[in-house]
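The structure under discussion appears below in the form of structure tokens.
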Amino acid sequence: MERRQLGPGGPLVSVIGLGTAALGRPGYINLGHGEDFADATSVEAMRANAWRVLDAARAAGVTYVDAARSYGRAEEFVGGWLRDRGISAGEVTIGSKWGYVYTADWRVDADQHEVKIHTRENLDRQIAETRSLLGRSLRLYQIHSATLDSGVLDRPDVLERLGELKADGLVIGASTSGPNQGATIDRLLEVEVDGALLFGTVQSTWNLLEPSSGAALGRAHEAGLGVIVKEAVANGRLTARSPDLAAVIAEATEVEDADTVAIAAAVHQPWATVVLSGASTVDQLDSNLGALSIPGSLVDGLEGELAEDAAVYWATRAQLPWQ
């Protein structure tokens, strides 16, 4: 699988990576997530499934895995897999995120699944927890869902600590979300610590329904940042689980699997470094990896035919149930 450099001086990573938001906890907002696990949602069952997907990803040449403190036990599962399989720190690159605290207590019907806390105290606590689970395999540490409204990019104590982590060898990044991603991405390009740009990567939602971050991601790429694309299948809306959209995509491309097309459209963006598969199962991963065989000419400009208004897209996403 093709590899690309993840930020200035960062590691080479596979163009498709594996995100673990749907693998590390029994509840998530992907369409049909509950069907993927049925009653097999014990810690042991979900660990076994996560390891199967990680094994399949590794066999296919995936070398980047993305986690977060709020993804339930995702870091624990990934760290255990690394140790059990004897995988060296240089063989697979792990990125994780701080800023959300998982609060669902392994319940799908929890009133609240995660809480955003962008304080220095939470950063200190969560980086210690992450390092205890992932060890030297952790190469990238990101602010989880940085927004202008959260104020995290204007907190000197947080930025100073992130600068220390950068000096200690970590690539520092930030993920973005919401209809104003572009403004947040541009702000990341202005943040300096000790006279140098702090952020080496940005992780943003871009997909055929919500491509509004593309121009800003292009500017980030030109500035030298690695660009990680998340939610390329729009939390399942760009899969067979959304039959009407899948039919439109099939008619436009003559490719049956909408998720394959959606991943391919992201991979072929000139600013993309790595595109995350959010697969819950090995079959989903295999379908996502089919994107590697789709030429750019087949998906060029497809977002122009499918894009929704950004505000509408994010309002729809906010209504997706945890399942």
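Labeling convention for the structure tokens: chains A, B, ... as they appear, residues from 1 per chain, ligands from 1 in order of appearance.
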Cut-off 10 Å: closest region 158-234 of chain A/region 23-40 of chain A atom pairs per residue, using only C-alpha atoms, as a Markdown table:
| residue | atom | partner | partner_atom | distance |
| --- | --- | --- | --- | --- |
| A:Glu231 | CA | A:Asn30 | CA | 9.6 |
| A:Val233 | CA | A:Asn30 | CA | 9.4 |
| A:Ala234 | CA | A:Asn30 | CA | 8.2 |
Next item on the list: Could you give me, as a list in words, the residues within 9 Å of His268 (chain A), counting only C-alpha atoms and dropping anything in the same chain fewer than 5 positions from it?
Entry: Ile263, Pro295, Gly296, Val299 and Asp300 of chain A
Next item on the list: Would you please give, as an NGL selection string, all residues of region 11-43 of chain A that DSSP assigns to helix (DSSP H, G or I) based on the backbone?
Entry: :A and (33-37 or 43)
Just want the 9 Å neighbourhood of Leu133 (chain A), counted on only C-alpha atoms, with same-chain residues fewer than 2 positions away dropped. Output as a compact mmCIF listing (two decimals) with N, CA and C atoms, in the first residue's frame.
# COMPACT_ATOMS: atom_id res chain seq x y z
N GLU A 75 -7.76 2.42 23.13
CA GLU A 75 -6.32 2.44 23.38
C GLU A 75 -5.87 1.15 24.07
N GLU A 76 -6.67 0.67 24.99
CA GLU A 76 -6.34 -0.58 25.68
C GLU A 76 -6.29 -1.74 24.69
N PHE A 77 -7.29 -1.80 23.80
CA PHE A 77 -7.33 -2.88 22.81
C PHE A 77 -6.13 -2.81 21.87
N VAL A 78 -5.82 -1.61 21.39
CA VAL A 78 -4.71 -1.45 20.46
C VAL A 78 -3.39 -1.77 21.14
N GLY A 79 -3.20 -1.26 22.35
CA GLY A 79 -1.97 -1.54 23.06
C GLY A 79 -1.78 -3.01 23.36
N GLY A 80 -2.86 -3.69 23.75
CA GLY A 80 -2.78 -5.13 24.00
C GLY A 80 -2.45 -5.89 22.74
N ALA A 128 -0.79 10.86 30.19
CA ALA A 128 -0.21 9.81 31.04
C ALA A 128 -0.95 8.49 30.83
N GLU A 129 -2.27 8.56 30.75
CA GLU A 129 -3.07 7.34 30.53
C GLU A 129 -2.76 6.74 29.16
N THR A 130 -2.69 7.60 28.14
CA THR A 130 -2.42 7.11 26.79
C THR A 130 -1.05 6.46 26.71
N ARG A 131 -0.04 7.08 27.27
CA ARG A 131 1.30 6.52 27.20
C ARG A 131 1.40 5.21 27.95
N GLY A 135 2.54 3.15 24.96
CA GLY A 135 3.99 3.15 25.02
C GLY A 135 4.64 3.93 23.89
Margin query: With distances taken over only C-alpha atoms, which residue among A:Gly90, A:Gly61, A:Gly72, A:Gly304 lies nearest Ala104 (chain A)?
Written below: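 For Ala104 (chain A), the nearest of the candidates is A:Gly72.
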Checklist line | All strand (DSSP E) residues (DSSP, backbone) inside region 219-253 of chain A, as a VMD selection string | finding: chain A and resid 226 to 230
Writer output for current selection, C-alpha atoms, as a PDB file, in the first residue's frame:
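Wrote it out as selection.pdb, contents follow:
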ATOM      1  CA  GLY A 226      -0.184  16.006   7.322  1.00  0.00           C
ATOM      2  CA  VAL A 227      -3.907  15.717   6.606  1.00  0.00           C
ATOM      3  CA  ILE A 228      -5.948  12.868   8.090  1.00  0.00           C
ATOM      4  CA  VAL A 229      -9.456  12.429   6.703  1.00  0.00           C
ATOM      5  CA  LYS A 230     -12.078  11.108   9.115  1.00  0.00           C
TER       6      LYS A 230
END
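Pairwise distance (CA of Glu44 (chain A), CA of Tyr141 (chain A)) equals 26.9 Å.
Here the question is which of A:Ala266, A:Pro321, A:Leu285, A:Ala48 gets nearest to His113 (chain A) using only C-alpha atoms, and that residue is A:Pro321.
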Note to self: With only C-alpha atoms as the counted atoms, please give the residues lying no more than 12 Å from Arg317 (chain A), apart from itself and same-chain residues fewer than 3 positions off, as number ranges by chain.
What the structure shows: A: 28-31, 177-179, 205, 209-210, 231, 234-237, 308, 310-314, 320-322
Check: What is the CA of Ala220 (chain A)-CA of Ser277 (chain A) distance in Å, reported with one decimal?
Finding: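 Interatomic distance here is 21.6 Å.
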Margin query: Can you pull out the residues contacting Val53 (chain A)? Cut-off 8 Å, using only C-alpha atoms, and skip same-chain residues under 4 positions away; I want them as JSON, numbers by chain.
Written below: {"A": [49, 57, 279, 280, 281, 282, 285]}
Next item on the list: Using only C-alpha atoms, determine which residues lie at most 9 Å from Leu292 (chain A), disregarding the query and same-chain residues fewer than 2 positions distant; provide the list as a list in words.
Entry: Met1, Ile16, Thr260, Ile263, Ala264, Val267, Asn288, Leu289, Gly290, Ile294 and Pro295 of chain A
Notebook entry, point to check: For the atom pair CA of His144 (chain A) and CA of Ala174 (chain A), what is the interatomic distance in Å to one decimal place?
Noted result: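 Interatomic distance here is 6.2 Å.
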Notebook entry, point to check: With only C-alpha atoms as the basis for distance, which of A:Ala246, A:Ala272, A:Val261, A:Leu18 is at the shortest distance from Leu225 (chain A)?
Noted result: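 Ranking A:Ala246, A:Ala272, A:Val261, A:Leu18 by distance to Leu225 (chain A), first place goes to A:Ala272.
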Next item on the list: Point out the residue among A:Lys116, A:Arg161, A:Arg47, A:Arg139 with the least atom-to-atom distance to Val13 (chain A), counting only C-alpha atoms.
Entry: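 Nearest to Val13 (chain A): A:Arg139.
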